[in-house]
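Just protein-v7.txt here, compact mmCIF, C-alpha atoms:
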```txt
# COMPACT_ATOMS: atom_id res chain seq x y z
CA MET A 1 0.00 0.00 0.00
CA THR A 2 1.31 3.40 -0.89
CA ALA A 3 0.30 6.95 -0.07
CA ALA A 4 -0.09 7.66 -3.78
CA GLN A 5 -2.71 4.93 -4.21
CA ILE A 6 -4.55 6.17 -1.15
CA PHE A 7 -4.62 9.75 -2.42
CA LYS A 8 -6.12 8.55 -5.68
CA ALA A 9 -8.73 6.44 -3.91
CA LEU A 10 -9.80 9.41 -1.79
CA GLY A 11 -9.76 11.91 -4.61
CA ASP A 12 -13.53 11.73 -4.99
CA PRO A 13 -16.19 13.44 -2.84
CA VAL A 14 -18.35 10.33 -2.40
CA ARG A 15 -15.42 8.13 -1.39
CA LEU A 16 -14.15 10.81 0.96
CA GLU A 17 -17.61 10.99 2.56
CA ILE A 18 -17.60 7.22 3.03
CA VAL A 19 -14.22 7.38 4.76
CA LYS A 20 -15.36 10.30 6.95
CA ARG A 21 -18.32 8.24 8.15
CA LEU A 22 -16.06 5.33 8.99
CA ALA A 23 -13.43 7.57 10.60
CA ASP A 24 -15.46 8.10 13.79
CA GLY A 25 -14.97 4.45 14.62
CA SER A 26 -18.57 3.34 14.01
CA ALA A 27 -19.27 -0.01 12.40
CA TYR A 28 -21.21 0.14 9.16
CA THR A 29 -22.72 -2.56 7.06
CA MET A 30 -22.49 -2.24 3.32
CA ASN A 31 -26.23 -1.40 3.26
CA ASN A 32 -26.05 1.32 5.94
CA LEU A 33 -23.02 2.89 4.41
CA SER A 34 -24.63 3.06 0.98
CA LYS A 35 -27.47 5.30 2.22
CA ASP A 36 -27.70 9.09 1.80
CA LEU A 37 -24.64 9.39 -0.37
CA GLY A 38 -26.58 11.12 -3.14
CA ILE A 39 -25.97 8.22 -5.49
CA SER A 40 -27.63 4.89 -6.16
CA ARG A 41 -26.95 1.95 -3.91
CA GLN A 42 -25.22 0.22 -6.79
CA GLY A 43 -23.04 3.29 -7.38
CA ALA A 44 -22.18 3.38 -3.68
CA ARG A 45 -21.10 -0.24 -3.76
CA LYS A 46 -18.87 0.52 -6.69
CA GLN A 47 -17.19 3.35 -4.77
CA ILE A 48 -16.71 1.14 -1.74
CA GLN A 49 -15.06 -1.43 -4.00
CA VAL A 50 -12.57 1.22 -5.14
CA LEU A 51 -11.67 1.83 -1.50
CA VAL A 52 -11.30 -1.91 -0.98
CA SER A 53 -8.92 -2.16 -3.95
CA ALA A 54 -6.77 0.60 -2.48
CA ASN A 55 -6.79 -1.14 0.92
CA VAL A 56 -8.39 1.91 2.50
CA VAL A 57 -11.26 -0.22 3.80
CA PHE A 58 -11.79 -3.94 4.13
CA LEU A 59 -14.91 -6.06 4.06
CA LYS A 60 -15.94 -8.75 6.47
CA PRO A 61 -18.98 -10.94 5.84
CA ILE A 62 -21.19 -11.33 8.90
CA GLY A 63 -24.17 -13.57 8.26
CA ARG A 64 -26.06 -12.07 5.35
CA GLU A 65 -24.50 -8.66 5.85
CA THR A 66 -21.10 -7.28 4.95
CA LEU A 67 -19.27 -5.17 7.50
CA VAL A 68 -17.11 -2.30 6.20
CA THR A 69 -14.12 -1.30 8.30
CA LEU A 70 -11.49 1.38 7.83
CA ASP A 71 -7.90 0.22 7.48
CA MET A 72 -6.22 2.75 9.73
CA SER A 73 -2.68 1.90 8.67
CA SER A 74 -3.36 3.05 5.10
CA LEU A 75 -4.69 6.41 6.20
CA GLU A 76 -1.89 6.91 8.67
CA LEU A 77 0.58 6.39 5.87
CA ALA A 78 -1.00 9.05 3.66
CA ARG A 79 -1.43 11.48 6.50
CA ALA A 80 2.09 10.97 7.80
CA PHE A 81 3.53 11.55 4.35
CA ILE A 82 1.71 14.86 3.92
CA THR A 83 2.61 15.92 7.46
CA SER A 84 6.29 15.26 6.86
CA MET A 85 6.16 17.31 3.63
CA GLU A 86 4.42 20.15 5.49
CA ASN A 87 7.03 20.10 8.23
CA GLN A 88 9.81 20.31 5.69
CA TRP A 89 8.22 23.38 4.09
CA ASP A 90 7.71 25.05 7.46
CA GLN A 91 11.40 24.62 8.17
CA ARG A 92 12.40 25.97 4.77
CA LEU A 93 10.06 28.97 4.96
CA ASN A 94 11.35 29.83 8.42
CA ALA A 95 14.88 29.69 7.08
CA LEU A 96 13.84 32.06 4.29
CA LYS A 97 12.19 34.44 6.76
CA ASN A 98 15.26 34.50 9.01
CA PHE A 99 17.45 35.06 5.99
CA VAL A 100 15.60 38.06 4.52
CA GLU A 101 14.75 39.70 7.84
CA LYS A 102 18.26 39.79 9.21
CA MET B 1 -7.66 13.52 1.12
CA LYS B 2 -5.67 16.50 0.11
CA ASP B 3 -3.50 16.45 -2.93
CA LYS B 4 -2.06 19.81 -1.95
CA ILE B 5 0.13 21.37 0.68
CA GLN B 6 -0.34 25.04 1.46
CA ARG B 7 1.75 27.02 3.95
CA GLU B 8 1.81 30.74 4.69
CA ILE B 9 4.33 32.89 6.46
CA MET B 10 4.50 36.61 7.24
CA ILE B 11 7.84 38.20 6.45
CA LYS B 12 9.01 41.68 7.36
CA ALA B 13 10.67 42.58 4.09
CA THR B 14 9.75 44.06 0.72
CA LYS B 15 8.41 41.82 -2.05
CA GLU B 16 11.52 42.67 -4.09
CA ARG B 17 13.75 41.39 -1.28
CA ILE B 18 11.75 38.17 -0.82
CA TYR B 19 11.53 37.51 -4.55
CA ASP B 20 15.27 37.98 -4.88
CA ALA B 21 15.90 35.47 -2.08
CA ILE B 22 13.80 32.88 -3.96
CA ALA B 23 14.61 33.58 -7.62
CA ASN B 24 18.23 34.76 -7.51
CA PRO B 25 20.60 31.75 -7.73
CA GLU B 26 23.17 33.41 -5.51
CA GLN B 27 20.58 34.13 -2.84
CA VAL B 28 18.55 30.91 -2.82
CA VAL B 29 21.57 28.80 -1.85
CA LEU B 30 21.86 30.84 1.34
CA TRP B 31 18.64 29.39 2.82
CA PHE B 32 17.41 26.44 0.72
CA PRO B 33 19.76 24.15 -1.26
CA GLU B 34 23.45 24.22 -0.44
CA THR B 35 24.44 24.38 -4.07
CA LEU B 36 22.84 25.13 -7.43
CA GLU B 37 24.23 23.87 -10.75
CA GLY B 38 23.03 25.04 -14.14
CA SER B 39 20.84 27.92 -15.24
CA TYR B 40 18.16 29.00 -12.78
CA LYS B 41 15.83 30.48 -15.40
CA VAL B 42 12.34 29.62 -16.68
CA GLY B 43 12.43 26.54 -18.91
CA GLU B 44 15.79 25.38 -17.55
CA ARG B 45 16.65 22.32 -15.46
CA PRO B 46 19.13 23.22 -12.73
CA ILE B 47 20.30 20.81 -10.03
CA LEU B 48 19.73 21.59 -6.37
CA GLY B 49 22.39 20.13 -4.09
CA PHE B 50 21.61 19.17 -0.49
CA GLY B 51 25.10 18.14 0.59
CA GLU B 52 25.22 14.61 1.89
CA HIS B 53 21.45 14.28 1.31
CA GLY B 54 21.92 14.17 -2.45
CA LYS B 55 20.95 16.15 -5.52
CA ASN B 56 17.60 16.97 -7.05
CA GLN B 57 17.21 18.16 -10.63
CA ILE B 58 14.22 20.45 -11.04
CA TYR B 59 12.42 22.31 -13.85
CA ILE B 60 11.77 26.04 -13.55
CA GLU B 61 8.13 26.42 -14.55
CA ASP B 62 7.48 30.14 -14.29
CA ALA B 63 8.74 33.38 -12.76
CA LYS B 64 7.01 36.75 -12.47
CA PRO B 65 9.00 39.38 -10.59
CA HIS B 66 8.29 40.21 -7.82
CA GLU B 67 5.31 38.08 -7.00
CA TYR B 68 5.50 34.53 -8.36
CA PHE B 69 8.05 31.75 -8.79
CA ALA B 70 7.33 28.10 -9.60
CA TYR B 71 9.24 24.91 -10.26
CA ARG B 72 8.61 21.19 -10.62
CA TRP B 73 10.43 18.43 -8.80
CA VAL B 74 10.18 14.93 -7.41
CA PRO B 75 9.33 15.66 -3.79
CA GLY B 76 10.84 13.89 -0.86
CA SER B 77 13.34 12.25 -3.14
CA ASN B 78 16.61 13.92 -2.31
CA HIS B 79 18.19 12.23 -5.24
CA PHE B 80 16.73 12.69 -8.69
CA LEU B 81 18.82 13.41 -11.76
CA GLY B 82 17.15 13.56 -15.16
CA ASP B 83 14.30 15.36 -16.88
CA VAL B 84 11.68 15.88 -14.19
CA LEU B 85 9.00 16.51 -16.86
CA THR B 86 9.24 12.88 -17.98
CA VAL B 87 8.34 11.52 -14.55
CA ALA B 88 5.51 12.15 -12.09
CA ASN B 89 6.31 15.36 -10.22
CA THR B 90 4.81 18.04 -8.03
CA LEU B 91 4.49 21.77 -8.75
CA VAL B 92 5.93 24.07 -6.10
CA GLU B 93 4.67 27.66 -6.20
CA PHE B 94 5.72 30.71 -4.21
CA ARG B 95 3.33 33.68 -4.17
CA ILE B 96 4.32 36.98 -2.59
CA GLU B 97 1.60 39.39 -1.54
CA GLU B 98 2.46 42.84 -0.24
CA LEU B 99 0.76 43.90 2.97
CA LYS B 100 0.78 47.25 4.74
CA ASP B 101 3.69 48.22 7.03
CA ASN B 102 6.41 46.92 4.71
CA SER B 103 5.68 43.27 5.25
CA CYS B 104 4.53 40.52 2.92
CA LYS B 105 2.60 37.29 3.03
CA LEU B 106 4.42 34.44 1.34
CA THR B 107 2.21 31.52 0.31
CA LEU B 108 3.75 28.21 -0.64
CA THR B 109 1.72 25.54 -2.41
CA GLU B 110 2.81 22.12 -3.57
CA THR B 111 0.33 20.15 -5.70
CA GLY B 112 0.22 16.83 -7.54
CA PHE B 113 0.80 14.26 -4.81
CA ALA B 114 -1.89 11.97 -6.25
CA THR B 115 0.13 11.54 -9.44
CA LEU B 116 3.23 10.31 -7.63
CA PRO B 117 4.52 6.93 -8.73
CA ILE B 118 3.80 3.85 -6.73
CA ASN B 119 6.10 3.46 -3.75
CA LEU B 120 7.73 6.88 -3.98
CA ALA B 121 5.83 8.36 -1.06
CA GLU B 122 6.43 5.27 0.98
CA LYS B 123 10.11 5.17 0.11
CA CYS B 124 10.87 8.76 0.92
CA PHE B 125 8.86 8.50 4.06
CA THR B 126 10.76 5.52 5.38
CA GLN B 127 13.95 7.47 4.62
CA ASN B 128 12.77 10.26 6.85
CA SER B 129 11.59 7.88 9.57
CA GLY B 130 9.60 9.00 12.55
CA GLY B 131 6.12 10.48 12.62
CA TRP B 132 4.45 7.15 12.10
CA GLU B 133 2.38 7.02 15.22
CA PHE B 134 -0.82 8.88 14.68
CA MET B 135 -3.77 8.36 16.90
CA LEU B 136 -7.27 7.65 15.74
CA GLY B 137 -8.65 10.82 17.31
CA ARG B 138 -6.43 13.02 15.19
CA LEU B 139 -7.80 11.57 12.01
CA GLY B 140 -11.25 13.03 12.47
CA LYS B 141 -9.72 16.44 12.98
CA TYR B 142 -7.66 15.99 9.87
CA PHE B 143 -10.67 15.29 7.71
CA GLU B 144 -12.41 18.41 8.98
CA GLU B 145 -9.51 20.40 7.63
CA VAL B 146 -9.75 18.92 4.16
```
Structure encoded using structure tokens:
Amino acid sequence: MTAAQIFKALGDPVRLEIVKRLADGSAYTMNNLSKDLGISRQGARKQIQVLVSANVVFLKPIGRETLVTLDMSSLELARAFITSMENQWDQRLNALKNFVEK
Amino acid sequence: MKDKIQREIMIKATKERIYDAIANPEQVVLWFPETLEGSYKVGERPILGFGEHGKNQIYIEDAKPHEYFAYRWVPGSNHFLGDVLTVANTLVEFRIEELKDNSCKLTLTETGFATLPINLAEKCFTQNSGGWEFMLGRLGKYFEEV
């Protein structure tokens, strides 16, 4: 799993909304999660499949339902990458500020 | 998830001074890379040197004195030599905005992370090490910021 794949998977408002719902730690079934997304249930399933392919979420069959769970390690990777890039820029911009203000 | 980094900083200097520090090859090496090889002009591909951390060949995308300077590079990779336009890259942009009282707001954006090649982000991140432990609670906050 790479940060780049995760960024691509989340580069869509519906998929981002799905991940936001899962991010509060609640358990969702495929059916619950597909509601109120502004798209058809079939479309929602398709978007969830994209997230599964990118290892952002994983599916677990429970009886006749399918449970959707967030794979935290994937998101931590993407977030940590961006954070490290932001920190590097903060350091560089501070160096620039110190340089021109002296 | 964001495909963009944006940072802002207030600097007590004129826009001419700040632009010079960014776009003048003799000035930029005093705060950013240690060395600069090749022409540092729009359309050129100079090499930034970071001492023992390696070299990074970039492409100067655009320059508008004294408010805008932009280049493309392979981020996080402290060692890339070649034509950056032939590989996935990010666009780094500096924008200088003059405020009252002789100070300026400098805005830095870097975009294009979603186009990065497989494994690059992971590779450069493991090089940097650290920062891996992020708690669940912080994630929710992060998404609010998106």
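For segment 84-96 of chain A, the list of residues within 6 Å, based on only C-alpha atoms and with local chain neighbours fewer than 3 positions off taken out, reads Phe81 and Phe99 of chain A; Trp31 of chain B.
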Interatomic distance (Å, one decimal) between atom CA of Leu70 of chain A and atom CA of Asp12 of chain A =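 According to the coordinates, atom CA of Leu70 of chain A and atom CA of Asp12 of chain A are separated by 16.6 Å.
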Per residue of chain A within 7 Å of chain B, record the nearest atom pair and its distance in Å to one decimal, counting all atoms listed in the file, with rows in chain order and ascending residue number, as JSON lines.
```
{"residue": "A:Thr2", "atom": "CA", "partner": "B:Asn119", "partner_atom": "CA", "distance": 5.6}
{"residue": "A:Ala3", "atom": "CA", "partner": "B:Ala121", "partner_atom": "CA", "distance": 5.8}
{"residue": "A:Ala4", "atom": "CA", "partner": "B:Ala114", "partner_atom": "CA", "distance": 5.3}
{"residue": "A:Phe7", "atom": "CA", "partner": "B:Ala114", "partner_atom": "CA", "distance": 5.2}
{"residue": "A:Lys8", "atom": "CA", "partner": "B:Ala114", "partner_atom": "CA", "distance": 5.5}
{"residue": "A:Leu10", "atom": "CA", "partner": "B:Met1", "partner_atom": "CA", "distance": 5.5}
{"residue": "A:Gly11", "atom": "CA", "partner": "B:Met1", "partner_atom": "CA", "distance": 6.3}
{"residue": "A:Lys20", "atom": "CA", "partner": "B:Phe143", "partner_atom": "CA", "distance": 6.9}
{"residue": "A:Ala23", "atom": "CA", "partner": "B:Gly140", "partner_atom": "CA", "distance": 6.2}
{"residue": "A:Asp24", "atom": "CA", "partner": "B:Gly140", "partner_atom": "CA", "distance": 6.6}
{"residue": "A:Glu76", "atom": "CA", "partner": "B:Phe134", "partner_atom": "CA", "distance": 6.4}
{"residue": "A:Ala80", "atom": "CA", "partner": "B:Trp132", "partner_atom": "CA", "distance": 6.2}
{"residue": "A:Phe81", "atom": "CA", "partner": "B:Phe125", "partner_atom": "CA", "distance": 6.1}
{"residue": "A:Glu86", "atom": "CA", "partner": "B:Ile5", "partner_atom": "CA", "distance": 6.6}
{"residue": "A:Arg92", "atom": "CA", "partner": "B:Phe32", "partner_atom": "CA", "distance": 6.5}
{"residue": "A:Ala95", "atom": "CA", "partner": "B:Trp31", "partner_atom": "CA", "distance": 5.7}
{"residue": "A:Leu96", "atom": "CA", "partner": "B:Trp31", "partner_atom": "CA", "distance": 5.7}
{"residue": "A:Lys97", "atom": "CA", "partner": "B:Ile11", "partner_atom": "CA", "distance": 5.8}
{"residue": "A:Phe99", "atom": "CA", "partner": "B:Trp31", "partner_atom": "CA", "distance": 6.6}
{"residue": "A:Val100", "atom": "CA", "partner": "B:Ile18", "partner_atom": "CA", "distance": 6.6}
{"residue": "A:Glu101", "atom": "CA", "partner": "B:Lys12", "partner_atom": "CA", "distance": 6.1}
```
Expressed in Å, the length from atom CA of Ser73 of chain A to atom CA of Ser40 of chain A is 29.2 Å
Go through B:Val42, B:Ile47, B:Ala23, B:Leu36 one by one, measure the shortest atom-to-atom distance of each to Pro65 of chain B using only C-alpha atoms, and give the residue with the smallest value.
->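 Result for the nearest residue to Pro65 of chain B: B:Ala23.
Straight-line separation from atom CA of Glu16 of chain B to atom CA of Ile58 of chain B: 23.4 Å.
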Take every atom of segment 84-89 of chain A listed in the file, fit an axis-aligned box around them, add 4 Å per side, and give the centre and edge lengths in Å to one decimal as JSON.
```
{"center_x": 7.1, "center_y": 19.3, "center_z": 5.9, "size_x": 13.4, "size_y": 16.1, "size_z": 12.6}
```
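Among the candidates B:Thr35, B:Asn102, B:Thr111, B:Asn24, the residue lying nearest to Val74 of chain B is B:Thr111 (atoms considered: only C-alpha atoms).
The nearest approach to Tyr68 of chain B among the residues B:Glu52, B:Asp83, B:Glu37, B:Glu97, with all atoms listed in the file taken into account, belongs to B:Glu97.
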Closest of A:Leu67, A:Leu51, A:Ile39, A:Ile62 to Val19 of chain A - atom-to-atom distances counting all atoms listed in the file =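 Of the candidates, the smallest distance to Val19 of chain A is held by A:Leu51.
Residues surrounding Val68 of chain A within 10 Å are A:Leu22, A:Ser26, A:Ala27, A:Tyr28, A:Thr29, A:Met30, A:Asn31, A:Asn32, A:Leu33, A:Ile48, A:Val52, A:Val57, A:Phe58, A:Leu59, A:Lys60, A:Pro61, A:Glu65, A:Asp71 [only C-alpha atoms; sequence separation below 3 positions excluded].
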Output segment 28-58 of chain A with N, CA and C atoms present, as a tab-separated table (two decimals), in the coordinates of the input.
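And here is the file that came out, rebuild.tsv:
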```tsv
chain	number	residue	atom	x	y	z
A	28	TYR	N	-20.17	0.00	10.18
A	28	TYR	CA	-21.21	0.14	9.16
A	28	TYR	C	-21.33	-1.15	8.38
A	29	THR	N	-22.55	-1.48	8.04
A	29	THR	CA	-22.72	-2.56	7.06
A	29	THR	C	-22.72	-1.91	5.68
A	30	MET	N	-22.48	-2.72	4.70
A	30	MET	CA	-22.49	-2.24	3.32
A	30	MET	C	-23.80	-1.49	3.03
A	31	ASN	N	-24.93	-2.02	3.52
A	31	ASN	CA	-26.23	-1.40	3.26
A	31	ASN	C	-26.37	-0.04	3.94
A	32	ASN	N	-25.97	0.04	5.22
A	32	ASN	CA	-26.05	1.32	5.94
A	32	ASN	C	-25.18	2.38	5.30
A	33	LEU	N	-24.00	1.96	4.95
A	33	LEU	CA	-23.02	2.89	4.41
A	33	LEU	C	-23.44	3.43	3.05
A	34	SER	N	-24.23	2.67	2.33
A	34	SER	CA	-24.63	3.06	0.98
A	34	SER	C	-25.77	4.09	0.97
A	35	LYS	N	-26.33	4.37	2.15
A	35	LYS	CA	-27.47	5.30	2.22
A	35	LYS	C	-27.03	6.75	2.22
A	36	ASP	N	-27.88	7.63	1.72
A	36	ASP	CA	-27.70	9.09	1.80
A	36	ASP	C	-26.37	9.58	1.25
A	37	LEU	N	-25.89	8.93	0.24
A	37	LEU	CA	-24.64	9.39	-0.37
A	37	LEU	C	-24.93	10.23	-1.62
A	38	GLY	N	-26.20	10.35	-1.96
A	38	GLY	CA	-26.58	11.12	-3.14
A	38	GLY	C	-26.37	10.35	-4.43
A	39	ILE	N	-26.09	9.07	-4.30
A	39	ILE	CA	-25.97	8.22	-5.49
A	39	ILE	C	-26.71	6.92	-5.25
A	40	SER	N	-26.90	6.15	-6.30
A	40	SER	CA	-27.63	4.89	-6.16
A	40	SER	C	-26.86	3.91	-5.27
A	41	ARG	N	-27.58	2.95	-4.77
A	41	ARG	CA	-26.95	1.95	-3.91
A	41	ARG	C	-25.86	1.18	-4.67
A	42	GLN	N	-26.18	0.94	-5.94
A	42	GLN	CA	-25.22	0.22	-6.79
A	42	GLN	C	-23.96	1.06	-6.98
A	43	GLY	N	-24.18	2.38	-7.22
A	43	GLY	CA	-23.04	3.29	-7.38
A	43	GLY	C	-22.21	3.34	-6.11
A	44	ALA	N	-22.88	3.33	-4.97
A	44	ALA	CA	-22.18	3.38	-3.68
A	44	ALA	C	-21.31	2.14	-3.51
A	45	ARG	N	-21.87	1.01	-3.87
A	45	ARG	CA	-21.10	-0.24	-3.76
A	45	ARG	C	-19.84	-0.19	-4.62
A	46	LYS	N	-20.01	0.41	-5.78
A	46	LYS	CA	-18.87	0.52	-6.69
A	46	LYS	C	-17.75	1.37	-6.04
A	47	GLN	N	-18.17	2.47	-5.41
A	47	GLN	CA	-17.19	3.35	-4.77
A	47	GLN	C	-16.52	2.66	-3.59
A	48	ILE	N	-17.30	1.88	-2.86
A	48	ILE	CA	-16.71	1.14	-1.74
A	48	ILE	C	-15.69	0.12	-2.26
A	49	GLN	N	-16.01	-0.48	-3.40
A	49	GLN	CA	-15.06	-1.43	-4.00
A	49	GLN	C	-13.73	-0.76	-4.36
A	50	VAL	N	-13.81	0.49	-4.83
A	50	VAL	CA	-12.57	1.22	-5.14
A	50	VAL	C	-11.73	1.37	-3.89
A	51	LEU	N	-12.39	1.69	-2.77
A	51	LEU	CA	-11.67	1.83	-1.50
A	51	LEU	C	-11.09	0.50	-1.04
A	52	VAL	N	-11.81	-0.58	-1.33
A	52	VAL	CA	-11.30	-1.91	-0.98
A	52	VAL	C	-10.03	-2.21	-1.79
A	53	SER	N	-10.07	-1.89	-3.09
A	53	SER	CA	-8.92	-2.16	-3.95
A	53	SER	C	-7.69	-1.39	-3.50
A	54	ALA	N	-7.90	-0.20	-2.94
A	54	ALA	CA	-6.77	0.60	-2.48
A	54	ALA	C	-6.39	0.27	-1.03
A	55	ASN	N	-7.04	-0.74	-0.47
A	55	ASN	CA	-6.79	-1.14	0.92
A	55	ASN	C	-7.10	-0.04	1.93
A	56	VAL	N	-7.99	0.87	1.55
A	56	VAL	CA	-8.39	1.91	2.50
A	56	VAL	C	-9.44	1.35	3.46
A	57	VAL	N	-10.31	0.48	2.93
A	57	VAL	CA	-11.26	-0.22	3.80
A	57	VAL	C	-11.18	-1.72	3.50
A	58	PHE	N	-11.66	-2.51	4.44
A	58	PHE	CA	-11.79	-3.94	4.13
A	58	PHE	C	-13.17	-4.44	4.52
```
